[in-house]
Structure formats: C-alpha cells, structure tokens
file data19.csv (CSV, C-alpha atoms)
chain,number,residue,atom,x,y,z
A,1,MET,CA,-48.6,-10.6,-44.4
A,2,ASN,CA,-50.0,-7.5,-42.7
A,3,GLY,CA,-53.0,-8.7,-40.7
A,4,SER,CA,-53.8,-5.4,-38.8
A,5,PRO,CA,-57.4,-4.3,-38.7
A,6,VAL,CA,-56.6,-1.3,-40.9
A,7,ALA,CA,-55.0,-3.5,-43.5
A,8,GLY,CA,-58.2,-5.6,-43.3
A,9,LEU,CA,-60.2,-2.4,-43.8
A,10,VAL,CA,-58.1,-1.6,-46.9
A,11,ARG,CA,-58.7,-5.1,-48.3
A,12,GLY,CA,-62.4,-4.9,-47.5
A,13,TRP,CA,-62.7,-1.6,-49.4
A,14,VAL,CA,-60.9,-3.1,-52.4
A,15,ASP,CA,-63.2,-6.0,-52.3
A,16,LEU,CA,-66.2,-3.6,-52.2
A,17,TYR,CA,-65.3,-1.2,-55.0
A,18,THR,CA,-64.1,-4.0,-57.3
A,19,ARG,CA,-67.3,-6.0,-56.8
A,20,GLY,CA,-68.9,-6.7,-60.1
A,21,LEU,CA,-65.7,-6.3,-62.2
A,22,PRO,CA,-64.5,-9.1,-64.3
A,23,ALA,CA,-62.5,-11.6,-62.2
A,24,ASP,CA,-59.1,-10.7,-63.8
A,25,ALA,CA,-59.5,-7.0,-63.2
A,26,ARG,CA,-60.6,-7.6,-59.6
A,27,THR,CA,-57.8,-10.0,-58.8
A,28,ALA,CA,-55.3,-7.7,-60.3
A,29,ARG,CA,-56.3,-4.7,-58.2
A,30,ARG,CA,-56.5,-6.9,-55.1
A,31,ASP,CA,-53.1,-8.4,-55.6
A,32,GLU,CA,-51.5,-5.1,-56.2
A,33,ILE,CA,-52.8,-3.6,-53.0
A,34,ASP,CA,-51.9,-6.8,-51.1
A,35,ASP,CA,-48.3,-6.5,-52.3
A,36,ASP,CA,-48.3,-2.8,-51.4
A,37,LEU,CA,-49.5,-3.6,-47.9
A,38,TRP,CA,-47.0,-6.3,-47.5
A,39,CYS,CA,-44.1,-4.0,-48.7
A,40,GLU,CA,-45.2,-1.2,-46.4
A,41,HIS,CA,-45.4,-3.5,-43.5
A,42,ALA,CA,-42.0,-5.0,-44.2
A,43,GLU,CA,-40.5,-1.5,-44.6
A,44,ALA,CA,-42.0,-0.3,-41.3
A,45,ALA,CA,-40.8,-3.5,-39.5
A,46,ALA,CA,-37.3,-2.9,-40.9
A,47,ALA,CA,-37.3,0.7,-39.7
A,48,GLY,CA,-38.7,-0.3,-36.3
A,49,ARG,CA,-41.8,1.8,-36.7
A,50,SER,CA,-44.7,1.1,-34.3
A,51,ALA,CA,-47.8,-0.7,-35.4
A,52,ARG,CA,-49.9,2.3,-34.5
A,53,SER,CA,-47.8,4.6,-36.7
A,54,LEU,CA,-48.1,2.1,-39.6
A,55,ASP,CA,-51.8,1.8,-39.2
A,56,ALA,CA,-52.3,5.5,-39.2
A,57,ASP,CA,-50.4,5.7,-42.5
A,58,LEU,CA,-52.4,2.9,-44.0
A,59,PHE,CA,-55.6,4.5,-43.0
A,60,LEU,CA,-54.7,7.9,-44.4
A,61,ARG,CA,-53.5,6.3,-47.7
A,62,LEU,CA,-56.9,4.6,-47.8
A,63,LEU,CA,-58.8,7.7,-46.9
A,64,PHE,CA,-57.1,10.1,-49.4
A,65,GLY,CA,-57.5,7.5,-52.2
A,66,LEU,CA,-61.2,6.9,-51.8
A,67,PRO,CA,-62.3,9.5,-54.4
A,68,ALA,CA,-59.8,8.1,-56.9
A,69,ASP,CA,-61.0,4.6,-56.2
A,70,VAL,CA,-64.6,5.5,-56.9
A,71,SER,CA,-63.8,7.5,-60.0
A,72,TRP,CA,-61.6,4.6,-61.3
A,73,ARG,CA,-64.5,2.2,-60.7
A,74,LEU,CA,-67.0,4.4,-62.5
A,75,ALA,CA,-64.6,5.0,-65.4
A,76,TYR,CA,-64.1,1.2,-65.6
A,77,ARG,CA,-67.8,0.8,-65.9
A,78,GLY,CA,-68.0,3.4,-68.6
A,79,ARG,CA,-65.3,1.6,-70.6
A,80,THR,CA,-67.0,-1.8,-70.4
A,81,ALA,CA,-70.5,-0.4,-70.9
A,82,ALA,CA,-70.4,-0.7,-74.7
A,83,ALA,CA,-69.5,-4.4,-74.4
A,84,ARG,CA,-72.2,-5.0,-71.9
A,85,MET,CA,-74.9,-3.1,-73.8
A,86,LYS,CA,-75.3,-5.9,-76.3
A,87,ARG,CA,-78.8,-6.7,-75.3
A,88,SER,CA,-80.9,-9.8,-76.1
A,89,SER,CA,-84.6,-9.8,-75.7
A,90,SER,CA,-86.2,-12.9,-74.4
A,91,MET,CA,-89.9,-13.7,-73.7
A,92,SER,CA,-89.2,-13.8,-69.9
A,93,ALA,CA,-87.6,-10.3,-70.0
A,94,ARG,CA,-90.6,-9.0,-72.1
A,95,ILE,CA,-93.1,-10.4,-69.6
A,96,LEU,CA,-91.2,-8.9,-66.7
A,97,GLY,CA,-91.2,-5.6,-68.6
A,98,VAL,CA,-94.9,-5.7,-69.1
A,99,LEU,CA,-95.5,-6.5,-65.4
A,100,ALA,CA,-93.2,-3.6,-64.4
A,101,ILE,CA,-95.2,-1.2,-66.6
A,102,MET,CA,-98.4,-2.6,-65.3
A,103,TYR,CA,-97.3,-1.8,-61.8
A,104,GLY,CA,-96.0,1.7,-62.6
A,105,LEU,CA,-99.2,2.7,-64.5
A,106,SER,CA,-101.7,1.1,-62.2
A,107,PHE,CA,-100.3,2.6,-59.1
A,108,ALA,CA,-99.7,6.0,-60.8
A,109,THR,CA,-103.4,5.9,-61.7
A,110,LEU,CA,-104.3,5.3,-58.1
A,111,VAL,CA,-102.1,8.1,-56.9
A,112,VAL,CA,-103.7,10.5,-59.3
A,113,LEU,CA,-107.2,9.4,-58.2
A,114,PHE,CA,-106.2,9.6,-54.5
A,115,ALA,CA,-105.0,13.2,-55.1
A,116,GLN,CA,-108.4,14.0,-56.7
A,117,VAL,CA,-110.9,12.3,-54.5
A,118,GLY,CA,-109.1,11.5,-51.2
A,119,GLU,CA,-108.3,8.2,-49.5
A,120,GLU,CA,-111.7,7.3,-48.3
A,121,ALA,CA,-113.5,7.8,-51.6
A,122,LEU,CA,-110.8,6.0,-53.4
A,123,TRP,CA,-111.6,2.7,-51.5
A,124,THR,CA,-115.4,3.2,-51.3
A,125,THR,CA,-116.8,5.2,-54.2
A,126,PHE,CA,-114.1,4.0,-56.6
A,127,GLY,CA,-113.5,0.8,-54.7
A,128,LEU,CA,-114.7,-1.5,-57.5
A,129,PHE,CA,-112.0,0.0,-59.7
A,130,ALA,CA,-109.3,0.8,-57.2
A,131,VAL,CA,-109.1,-2.5,-55.3
A,132,PRO,CA,-108.5,-4.8,-58.3
A,133,VAL,CA,-106.1,-2.3,-59.7
A,134,PHE,CA,-104.2,-2.1,-56.4
A,135,VAL,CA,-104.1,-5.9,-56.0
A,136,THR,CA,-103.0,-6.4,-59.6
A,137,GLY,CA,-100.3,-3.8,-59.4
A,138,ALA,CA,-98.9,-5.1,-56.1
A,139,ILE,CA,-98.7,-8.7,-57.4
A,140,ALA,CA,-97.2,-7.4,-60.7
A,141,PHE,CA,-94.5,-5.6,-58.7
A,142,ALA,CA,-93.7,-8.6,-56.5
A,143,ALA,CA,-93.6,-10.8,-59.6
A,144,THR,CA,-91.3,-8.4,-61.4
A,145,ALA,CA,-88.8,-8.0,-58.5
A,146,LEU,CA,-88.6,-11.8,-57.9
A,147,GLY,CA,-88.7,-12.5,-61.6
A,148,LEU,CA,-85.7,-10.3,-62.2
A,149,LEU,CA,-83.8,-12.4,-59.5
A,150,TRP,CA,-84.7,-15.6,-61.3
A,151,LEU,CA,-83.9,-14.2,-64.8
A,152,LEU,CA,-80.5,-12.7,-63.8
A,153,ASN,CA,-79.6,-15.2,-61.0
A,154,ASP,CA,-76.1,-15.6,-62.4
A,155,ARG,CA,-75.3,-12.0,-62.2
A,156,VAL,CA,-77.3,-10.4,-59.3
A,157,SER,CA,-75.2,-9.8,-56.2
A,158,MET,CA,-76.3,-10.2,-52.6
A,159,LEU,CA,-77.3,-6.5,-52.7
A,160,GLY,CA,-79.8,-7.2,-55.4
A,161,VAL,CA,-81.1,-10.4,-53.8
A,162,VAL,CA,-81.8,-8.6,-50.5
A,163,GLY,CA,-83.3,-5.6,-52.4
A,164,ALA,CA,-85.6,-7.8,-54.4
A,165,VAL,CA,-86.9,-9.7,-51.4
A,166,LEU,CA,-87.3,-6.5,-49.4
A,167,ALA,CA,-89.2,-4.9,-52.3
A,168,ALA,CA,-91.4,-7.9,-52.9
A,169,LEU,CA,-92.3,-8.2,-49.2
A,170,GLY,CA,-93.0,-4.5,-49.1
A,171,SER,CA,-95.4,-4.8,-52.0
A,172,LEU,CA,-97.3,-7.6,-50.5
A,173,GLY,CA,-97.6,-6.0,-47.1
A,174,PRO,CA,-100.5,-3.7,-48.0
A,175,LEU,CA,-102.6,-6.6,-49.2
A,176,SER,CA,-103.3,-7.1,-45.5
A,177,GLY,CA,-105.9,-4.4,-46.0
A,178,SER,CA,-104.5,-2.0,-43.4
A,179,ALA,CA,-103.9,1.5,-44.6
A,180,ASP,CA,-101.2,2.0,-41.9
A,181,TRP,CA,-99.4,-1.2,-43.0
A,182,ALA,CA,-99.6,0.0,-46.6
A,183,ARG,CA,-97.9,3.3,-45.7
A,184,ILE,CA,-95.2,1.5,-43.6
A,185,ALA,CA,-94.6,-1.3,-46.1
A,186,THR,CA,-94.0,1.2,-48.9
A,187,ALA,CA,-90.7,2.2,-47.2
A,188,PRO,CA,-89.0,-1.2,-47.6
A,189,LEU,CA,-90.5,-1.5,-51.0
A,190,MET,CA,-88.8,1.7,-52.2
A,191,VAL,CA,-85.5,1.0,-50.4
A,192,GLY,CA,-85.4,-2.6,-51.7
A,193,SER,CA,-86.3,-1.4,-55.2
A,194,ALA,CA,-83.4,1.2,-55.1
A,195,MET,CA,-81.0,-1.6,-53.9
A,196,LEU,CA,-82.1,-4.0,-56.7
A,197,MET,CA,-81.9,-1.3,-59.3
A,198,TRP,CA,-78.4,-0.2,-58.2
A,199,ASP,CA,-77.3,-3.8,-58.7
A,200,LEU,CA,-79.0,-4.1,-62.0
A,201,ALA,CA,-77.5,-0.8,-63.2
A,202,GLY,CA,-74.1,-2.3,-62.4
A,203,ILE,CA,-74.7,-5.1,-65.0
A,204,GLY,CA,-76.2,-2.8,-67.5
A,205,VAL,CA,-79.8,-4.0,-67.2
A,206,VAL,CA,-81.2,-0.6,-66.4
A,207,SER,CA,-79.8,2.9,-66.7
A,208,ARG,CA,-77.7,4.2,-63.7
A,209,TRP,CA,-80.3,7.0,-63.5
A,210,ILE,CA,-82.9,4.7,-62.2
A,211,PRO,CA,-81.2,4.0,-58.8
A,212,ILE,CA,-80.0,7.6,-58.7
A,213,VAL,CA,-83.7,8.7,-58.8
A,214,GLN,CA,-85.0,5.9,-56.6
A,215,GLY,CA,-82.4,6.2,-53.9
A,216,PRO,CA,-83.3,9.7,-52.7
A,217,ILE,CA,-87.0,9.0,-53.2
A,218,ALA,CA,-86.7,5.9,-50.9
A,219,ILE,CA,-84.8,7.9,-48.3
A,220,GLY,CA,-87.2,10.9,-48.6
A,221,TYR,CA,-90.3,8.7,-48.2
A,222,THR,CA,-88.8,6.8,-45.2
A,223,VAL,CA,-87.8,10.0,-43.4
A,224,SER,CA,-91.1,11.6,-44.1
A,225,LEU,CA,-92.9,8.5,-42.7
A,226,LEU,CA,-90.9,8.7,-39.5
A,227,LEU,CA,-91.6,12.4,-39.1
A,228,GLY,CA,-95.3,12.5,-39.9
A,229,PRO,CA,-97.5,11.9,-42.9
A,230,PRO,CA,-95.6,10.3,-45.7
A,231,ALA,CA,-94.6,12.4,-48.7
A,232,TYR,CA,-97.1,11.0,-51.3
A,233,GLY,CA,-95.7,13.3,-53.9
A,234,LEU,CA,-92.6,11.0,-54.1
A,235,PHE,CA,-94.8,8.2,-55.5
A,236,LEU,CA,-95.2,9.5,-59.0
A,237,PRO,CA,-91.5,9.8,-60.0
A,238,PHE,CA,-90.9,6.4,-58.3
A,239,LEU,CA,-93.7,4.8,-60.3
A,240,LEU,CA,-92.6,6.4,-63.5
A,241,SER,CA,-89.1,5.0,-62.9
A,242,TRP,CA,-90.7,1.6,-62.9
A,243,VAL,CA,-92.4,2.3,-66.3
A,244,ALA,CA,-88.9,3.2,-67.5
A,245,ILE,CA,-87.6,-0.1,-66.1
A,246,GLY,CA,-90.3,-2.0,-67.9
A,247,VAL,CA,-89.4,-0.3,-71.2
A,248,SER,CA,-85.8,-1.2,-70.6
A,249,LEU,CA,-86.7,-4.9,-69.9
A,250,ILE,CA,-88.8,-5.1,-73.1
A,251,ARG,CA,-85.8,-3.8,-75.1
A,252,GLY,CA,-83.9,-6.8,-73.7
A,253,VAL,CA,-81.3,-7.5,-71.1
A,254,PRO,CA,-77.5,-7.5,-71.6
A,255,GLN,CA,-76.2,-10.9,-72.6
A,256,ALA,CA,-74.7,-12.9,-69.7
A,257,GLN,CA,-71.2,-11.8,-69.0
A,258,ALA,CA,-69.6,-13.4,-65.9
A,259,ARG,CA,-68.7,-11.1,-63.1
A,260,SER,CA,-66.9,-11.9,-60.0
A,261,GLY,CA,-68.3,-12.3,-56.5
B,1,MET,CA,-61.2,22.0,-64.9
B,2,ARG,CA,-61.2,19.2,-67.4
B,3,ARG,CA,-57.8,18.1,-68.4
B,4,LYS,CA,-56.6,18.3,-72.0
B,5,GLU,CA,-57.1,15.0,-73.8
B,6,GLY,CA,-53.9,12.9,-73.4
B,7,ALA,CA,-52.1,15.4,-71.3
B,8,LEU,CA,-50.2,14.1,-68.3
B,9,VAL,CA,-51.2,15.4,-64.8
B,10,PRO,CA,-48.5,16.3,-62.4
B,11,LEU,CA,-48.7,12.9,-60.5
B,12,GLU,CA,-48.3,11.0,-63.8
B,13,VAL,CA,-45.3,13.1,-64.7
B,14,SER,CA,-43.9,12.3,-61.3
B,15,ILE,CA,-44.5,8.6,-61.7
B,16,LEU,CA,-42.8,8.5,-65.1
B,17,GLU,CA,-39.9,10.5,-63.7
B,18,ALA,CA,-39.7,8.1,-60.7
B,19,ALA,CA,-39.7,5.0,-62.9
B,20,LEU,CA,-37.0,6.5,-65.1
B,21,GLY,CA,-35.0,7.5,-62.1
B,22,LEU,CA,-35.1,3.9,-60.8
B,23,ARG,CA,-34.2,2.7,-64.3
B,24,SER,CA,-31.1,4.9,-64.3
B,25,ARG,CA,-30.1,3.2,-61.1
B,26,GLY,CA,-30.4,-0.2,-62.7
B,27,ILE,CA,-34.1,-1.0,-61.7
B,28,ALA,CA,-35.7,-1.5,-65.1
B,29,GLU,CA,-39.1,-2.4,-63.7
B,30,ALA,CA,-40.8,-1.2,-60.5
B,31,HIS,CA,-43.9,-2.3,-58.6
B,32,GLY,CA,-46.4,0.1,-57.1
B,33,PHE,CA,-45.0,0.4,-53.7
B,34,LEU,CA,-41.5,1.0,-55.0
B,35,LEU,CA,-42.8,3.8,-57.2
B,36,ALA,CA,-44.8,5.3,-54.3
B,37,LYS,CA,-41.6,5.2,-52.1
B,38,GLU,CA,-39.6,6.9,-54.9
B,39,LEU,CA,-42.3,9.6,-55.2
B,40,ARG,CA,-42.3,10.1,-51.5
B,41,ASP,CA,-38.5,10.4,-51.3
B,42,GLY,CA,-38.4,12.6,-54.3
B,43,ARG,CA,-40.8,15.0,-52.8
B,44,GLN,CA,-39.4,14.6,-49.3
B,45,ALA,CA,-43.0,13.9,-48.2
B,46,ARG,CA,-43.9,12.1,-45.0
B,47,ARG,CA,-46.5,9.8,-46.5
B,48,LEU,CA,-46.8,7.6,-49.5
B,49,THR,CA,-49.3,8.4,-52.2
B,50,ALA,CA,-52.8,7.2,-51.4
B,51,TYR,CA,-53.7,3.7,-52.8
B,52,GLY,CA,-56.5,4.9,-55.0
B,53,THR,CA,-54.6,7.9,-56.4
B,54,LEU,CA,-51.5,5.8,-57.2
B,55,TYR,CA,-53.1,2.8,-58.8
B,56,LYS,CA,-55.6,4.8,-60.7
B,57,ALA,CA,-52.7,6.9,-62.2
B,58,LEU,CA,-50.8,3.7,-63.0
B,59,ASP,CA,-53.8,2.3,-64.7
B,60,ARG,CA,-54.3,5.4,-66.8
B,61,LEU,CA,-50.6,5.5,-67.8
B,62,GLU,CA,-50.7,1.9,-68.8
B,63,ARG,CA,-53.9,2.4,-70.9
B,64,ALA,CA,-52.3,5.4,-72.5
B,65,GLY,CA,-49.3,3.2,-73.5
B,66,HIS,CA,-46.9,5.2,-71.3
B,67,LEU,CA,-46.3,2.3,-69.1
B,68,ALA,CA,-46.2,-1.4,-69.7
B,69,SER,CA,-46.7,-4.0,-67.0
B,70,ARG,CA,-46.2,-7.7,-66.3
B,71,TRP,CA,-47.0,-9.9,-63.4
B,72,GLU,CA,-44.1,-11.8,-61.9
B,73,ASP,CA,-44.0,-15.5,-61.7
B,74,PRO,CA,-46.3,-16.4,-58.8
B,75,GLN,CA,-43.9,-19.2,-57.8
B,76,LEU,CA,-41.2,-16.5,-57.1
B,77,ALA,CA,-43.6,-14.6,-54.9
B,78,ALA,CA,-44.6,-17.8,-53.1
B,79,ASP,CA,-41.0,-18.8,-52.5
B,80,GLU,CA,-40.4,-15.4,-50.9
B,81,GLY,CA,-43.6,-15.7,-48.9
B,82,ARG,CA,-45.3,-12.5,-50.2
B,83,PRO,CA,-48.1,-11.6,-52.6
B,84,ARG,CA,-47.3,-11.6,-56.3
B,85,ARG,CA,-46.0,-8.4,-57.8
B,86,ARG,CA,-46.9,-6.3,-60.8
B,87,PHE,CA,-43.9,-4.6,-62.4
B,88,TYR,CA,-44.2,-1.5,-64.5
B,89,ARG,CA,-41.7,-0.1,-67.0
B,90,VAL,CA,-41.7,3.2,-69.0
B,91,THR,CA,-42.3,2.7,-72.7
B,92,LEU,CA,-40.9,4.8,-75.5
B,93,THR,CA,-44.3,6.5,-75.8
B,94,GLY,CA,-44.1,7.3,-72.1
B,95,GLU,CA,-40.6,8.8,-72.4
B,96,ALA,CA,-41.8,11.0,-75.3
B,97,ALA,CA,-44.9,12.1,-73.4
B,98,LEU,CA,-42.8,12.9,-70.4
B,99,ALA,CA,-40.4,15.0,-72.5
B,100,GLU,CA,-43.3,16.8,-74.0
B,101,ALA,CA,-44.9,17.5,-70.6
B,102,ILE,CA,-41.6,18.8,-69.2
B,103,SER,CA,-41.1,21.0,-72.3
B,104,ALA,CA,-44.6,22.3,-72.1
B,105,GLU,CA,-44.1,23.1,-68.4
B,106,ARG,CA,-40.9,24.9,-69.2
B,107,ASP,CA,-42.7,27.0,-71.8
B,108,ASP,CA,-45.4,27.9,-69.3
B,109,THR,CA,-43.0,29.0,-66.7
B,110,LEU,CA,-41.0,31.2,-69.1
B,111,PRO,CA,-41.4,34.9,-68.1
B,112,ARG,CA,-44.0,36.6,-70.4
B,113,SER,CA,-41.5,39.3,-71.3
B,114,ALA,CA,-39.1,36.6,-72.6
B,115,ALA,CA,-41.8,35.1,-74.8
B,116,VAL,CA,-42.9,38.4,-76.4
B,117,GLN,CA,-40.3,39.8,-78.7
B,118,PRO,CA,-40.1,43.6,-79.0
B,119,SER,CA,-41.1,44.8,-82.5

call {"tool": "encode", "arguments": {"input": "data19.csv", "output": "structure tokens"}}
result
Amino acid sequence: MNGSPVAGLVRGWVDLYTRGLPADARTARRDEIDDDLWCEHAEAAAAGRSARSLDADLFLRLLFGLPADVSWRLAYRGRTAAARMKRSSSMSARILGVLAIMYGLSFATLVVLFAQVGEEALWTTFGLFAVPVFVTGAIAFAATALGLLWLLNDRVSMLGVVGAVLAALGSLGPLSGSADWARIATAPLMVGSAMLMWDLAGIGVVSRWIPIVQGPIAIGYTVSLLLGPPAYGLFLPFLLSWVAIGVSLIRGVPQAQARSG
Amino acid sequence: MRRKEGALVPLEVSILEAALGLRSRGIAEAHGFLLAKELRDGRQARRLTAYGTLYKALDRLERAGHLASRWEDPQLAADEGRPRRRFYRVTLTGEAALAEAISAERDDTLPRSAAVQPS
C-alpha cells in the first residue's frame, strides 16, 4: 500500500468529493483509486524509481484531474436529483419554513426602515416596532437553523452542523444590545448560513442557487466589515434567500435517503 | 463547445482502443491503471492520465453501455495483499461506437477536394 503523503492527499480528495454520495458509489470510486495508487507504486518500485519522482507524478495526476472530479460529482448529483426530489411535507418542516420566512421578512423590513430613517431613529422613534421585530426575527432565525439540524440530523454532514451552530450563535449575538456586536455577529451568521445551505443543497432540501447566492454575500459582508463600514446592501438579497428557503421548506423536504459519511 | 449527444471524445476513443488492444493480446478485461498505462504507452507520453479524467471517462463509457465492468472477488485481492480491482471490458455497443467514431474521424480528415466531385 502506498502510504506517501501525496497518496494520502489523493485519498483525502477522493473522500472529500465523494462525500454525500450513496455508500456504494463512494466506496467504488475510493477502491478504484486505491487500486490505481497501489499499482503505480508497485510499478515504480519495480522500475526503481525514486519516491520523489513517484510523488510528483501522483500529485500531477491529482491536480490535472481536479476539474473532471468536480464535474463528475456535479453530474452525479444531477442524475440523482430526480430521485431525491420526491419531497414530503411534515408539520415540522412547515413550521421551520414559516420561521425562515418570518426571519427574512422581519429583517428585510428593518433594513428598508433603516435605509429610510437611519440607525438612531430606527431604535428610538420606531423602537416600539423595531425592537420586537428584531428580537422575533433573530429568535426565528436561530430556531430555524437549529431546527433544520434536528429535522435532518440523519443527513446533515459536519459542514452543516458547524454552519448551523455558527449561524445560530451569530443571530443571537446582537441580542446583547450592542450595535457593534450586531455588525460583527452578522458575519458568522452569514458564513454559517452559507455553509448550512451548501450542505442542504447537497441533499436536495434547497436549491443549489441558495448557497451560490449566500456564499459571495457572506464573503462580501465579512470583507467589507474588515475594511470599514459593512456593506448593508448585501442584507436584502441574503434575507430574500431565506424567504426562498422558507418557501422550499413549506413545500416539503426530500424523503430520507441514506448517504455516506 | 458542447459535444454531440452520444459522440465519443478523443480520450474515450483512446480508452476503447486501449481496451481492445489489450484484448487482442489476451487480456479480456482491464482495470483502470492498466488502461492508463496502455494509453500512456500508446501515446508515448511521460505521465499517466489524471485520476479524475480517467475515471470520469470510464464512468461515462460504462453508463453509455460501451464498457461493462465487474469487481473481482475481494478474497483474491486480499490474498495478493492489494485493494480490490474493477475490471472493464468493451461491449459490442462499444465496438460499434468506436468503429463509428473512427469512420467519422476518417471522413473529417479527407481532403475537401476528394469529397467534392466535379460536375
């Protein structure tokens, strides 16, 4: 068995891009690559090639094949999407959907109001309206993120778990009452949300477009936060994506279909 | 450019040719590495085809019915102290598709003057 670090890298990459596939497809790809690595190592040993030369070849074979691996993975997803899309609606999914929409709409309202009257007036003149809406929205978001973990615990991967926890913590951070904390905590909220959505898109719960929209928004917001005043303009599309998530959850979630590790 | 539906790409043609070449030498079924080696030797290249490129092409050829595969008995692999192996063989459909691809390529490379008959 080839135990070089580069061989380990090849195996690690196979593990990564086959994550979420049915166990048989995952094992098949892993075993094929394992055999390939073994054969190449045996051939190199027979030819008296150095370990460094073999490692260079393994690395280049890995590198040049990355685009094909990714496109194979995406095509695999496409082929199995139809089977996964058999959705079933449960009361829990509908409740989470309503909570997601509540979060999206309540915060979108606050963002619009903020743009109209400014931050100070939002919490003073309109405080009686804004504060309960803010608290309700934040709790609804945390409940949705953690509720999705609970509802889909048999299918969510570590990426989704970390994302949901990060997002939930981010949403509860601003409840401290500090405006600075609110701005900072929004970054992990958005990043965590994008991570969770990427995972959920992988099992067909939400459209792949959701994490594709949320990812750049999360990065853009975080970068703008580091450079100066955060880009508040990114809030609206992010919040609207959560309304879309809510609608998707109300329609139902795909029926459980085991996926490997 | 998007490929024509069902058409073989050059790598797939090479894989089928490599598998048939091995068959003509008495190796009816070949695993991924053996095919990669055959491709490398056929092209006199220095390096083997990249993992992703090779196994994606094998997957596509199998789904198209041009190749059929089977996993060897795991006990055999265990006895030899190596991972289990997946063997591919070219199907009749694969042979026909290869013949068609070669014929289409030959037509494409014919000089235009030979293809256009003077009136």

call {"tool": "atom_distance", "arguments": {"input": "data19.csv", "atom1": "atom CA of A:Ser207", "atom2": "atom CA of B:Ala64"}}
result
28.2 Å

call {"tool": "closest_residue", "arguments": {"input": "data19.csv", "among": "B:Asp108, B:Glu100, B:Glu29, B:Glu80", "to": "chain A", "atoms": "all atoms listed in the file"}}
result
B:Glu80

call {"tool": "atom_distance", "arguments": {"input": "data19.csv", "atom1": "atom CA of B:Ile15", "atom2": "atom CA of B:Leu39"}}
result
6.9 Å

call {"tool": "closest_atom_pairs", "arguments": {"input": "data19.csv", "of": "chain B", "to": "chain A", "cutoff": "9 Å", "atoms": "all atoms listed in the file", "output": "tab-separated table"}}
result
residue	atom	partner	partner_atom	distance
B:His31	CA	A:Glu32	CA	8.4
B:Gly32	CA	A:Asp36	CA	6.7
B:Phe33	CA	A:Asp36	CA	5.1
B:Leu34	CA	A:Cys39	CA	8.5
B:Arg47	CA	A:Asp57	CA	6.9
B:Leu48	CA	A:Arg61	CA	7.1
B:Thr49	CA	A:Arg61	CA	6.5
B:Ala50	CA	A:Arg61	CA	3.9
B:Tyr51	CA	A:Gly65	CA	5.4
B:Gly52	CA	A:Gly65	CA	3.9
B:Thr53	CA	A:Gly65	CA	5.1
B:Leu54	CA	A:Gly65	CA	8.0
B:Tyr55	CA	A:Arg29	CA	8.2
B:Lys56	CA	A:Trp72	CA	6.0
B:Ala57	CA	A:Ala68	CA	8.9
B:Asp59	CA	A:Trp72	CA	8.8
B:Gly81	CA	A:Met1	CA	8.4
B:Arg82	CA	A:Met1	CA	6.9
B:Pro83	CA	A:Asp35	CA	5.1
B:Arg84	CA	A:Asp35	CA	6.6
B:Arg85	CA	A:Asp35	CA	6.3
B:Arg86	CA	A:Glu32	CA	6.6

call {"tool": "closest_residue", "arguments": {"input": "data19.csv", "among": "B:Pro74, B:Glu12, B:Leu67, B:Gln44", "to": "B:Ala30", "atoms": "all atoms listed in the file"}}
result
B:Leu67

call {"tool": "residues_near_point", "arguments": {"input": "data19.csv", "point": "(-90.6, -1.1, -57.6)", "cutoff": "10 Å", "atoms": "all atoms listed in the file", "output": "ChimeraX atom specification"}}
result
/A:100,103-104,138,140-142,144-145,164,167-168,170-171,186,189-194,196-197,214,238-243,245

call {"tool": "write_last_selection", "arguments": {"input": "data19.csv", "atoms": "C-alpha atoms", "output": "mmCIF file, in the coordinates of the input"}}
result
data_model
loop_
_atom_site.group_PDB
_atom_site.id
_atom_site.type_symbol
_atom_site.label_atom_id
_atom_site.label_comp_id
_atom_site.auth_asym_id
_atom_site.auth_seq_id
_atom_site.Cartn_x
_atom_site.Cartn_y
_atom_site.Cartn_z
ATOM 1 C CA ALA A 100 -93.200 -3.600 -64.400
ATOM 2 C CA TYR A 103 -97.300 -1.800 -61.800
ATOM 3 C CA GLY A 104 -96.000 1.700 -62.600
ATOM 4 C CA ALA A 138 -98.900 -5.100 -56.100
ATOM 5 C CA ALA A 140 -97.200 -7.400 -60.700
ATOM 6 C CA PHE A 141 -94.500 -5.600 -58.700
ATOM 7 C CA ALA A 142 -93.700 -8.600 -56.500
ATOM 8 C CA THR A 144 -91.300 -8.400 -61.400
ATOM 9 C CA ALA A 145 -88.800 -8.000 -58.500
ATOM 10 C CA ALA A 164 -85.600 -7.800 -54.400
ATOM 11 C CA ALA A 167 -89.200 -4.900 -52.300
ATOM 12 C CA ALA A 168 -91.400 -7.900 -52.900
ATOM 13 C CA GLY A 170 -93.000 -4.500 -49.100
ATOM 14 C CA SER A 171 -95.400 -4.800 -52.000
ATOM 15 C CA THR A 186 -94.000 1.200 -48.900
ATOM 16 C CA LEU A 189 -90.500 -1.500 -51.000
ATOM 17 C CA MET A 190 -88.800 1.700 -52.200
ATOM 18 C CA VAL A 191 -85.500 1.000 -50.400
ATOM 19 C CA GLY A 192 -85.400 -2.600 -51.700
ATOM 20 C CA SER A 193 -86.300 -1.400 -55.200
ATOM 21 C CA ALA A 194 -83.400 1.200 -55.100
ATOM 22 C CA LEU A 196 -82.100 -4.000 -56.700
ATOM 23 C CA MET A 197 -81.900 -1.300 -59.300
ATOM 24 C CA GLN A 214 -85.000 5.900 -56.600
ATOM 25 C CA PHE A 238 -90.900 6.400 -58.300
ATOM 26 C CA LEU A 239 -93.700 4.800 -60.300
ATOM 27 C CA LEU A 240 -92.600 6.400 -63.500
ATOM 28 C CA SER A 241 -89.100 5.000 -62.900
ATOM 29 C CA TRP A 242 -90.700 1.600 -62.900
ATOM 30 C CA VAL A 243 -92.400 2.300 -66.300
ATOM 31 C CA ILE A 245 -87.600 -0.100 -66.100
#

call {"tool": "residues_around", "arguments": {"input": "data19.csv", "residues": "A:Ala201", "least_positions_apart": "5", "cutoff": "12 Å", "atoms": "only C-alpha atoms", "output": "VMD selection string"}}
result
chain A and resid 20 74 77 to 78 81 84 to 85 155 to 157 159 to 160 193 to 196 206 to 212 245 248 253 to 254

call {"tool": "closest_residue", "arguments": {"input": "data19.csv", "among": "A:Ile250, A:Leu146, A:Ala187, A:Ala179", "to": "A:Ala231", "atoms": "only C-alpha atoms"}}
result
A:Ala187

call {"tool": "atom_distance", "arguments": {"input": "data19.csv", "atom1": "atom CA of B:Ala77", "atom2": "atom CA of A:Ala47"}}
result
22.5 Å

call {"tool": "closest_residue", "arguments": {"input": "data19.csv", "among": "B:Leu76, B:Ala7, B:Arg46, B:Asp41", "to": "B:Ala96", "atoms": "only C-alpha atoms"}}
result
B:Ala7

call {"tool": "residues_around", "arguments": {"input": "data19.csv", "residues": "B:Val90", "least_positions_apart": "2", "cutoff": "12 Å", "atoms": "only C-alpha atoms", "output": "PyMOL selection string"}}
result
chain B and resi 12-13+15-24+27-31+35+58+61-62+64-69+87-88+92-98

call {"tool": "closest_residue", "arguments": {"input": "data19.csv", "among": "A:Asp154, A:Ser178, A:Asp55, A:Leu110", "to": "A:Leu9", "atoms": "only C-alpha atoms"}}
result
A:Asp55

call {"tool": "closest_residue", "arguments": {"input": "data19.csv", "among": "B:Arg89, B:Arg106, B:Arg40, B:Leu8", "to": "B:Trp71", "atoms": "all atoms listed in the file"}}
result
B:Arg89
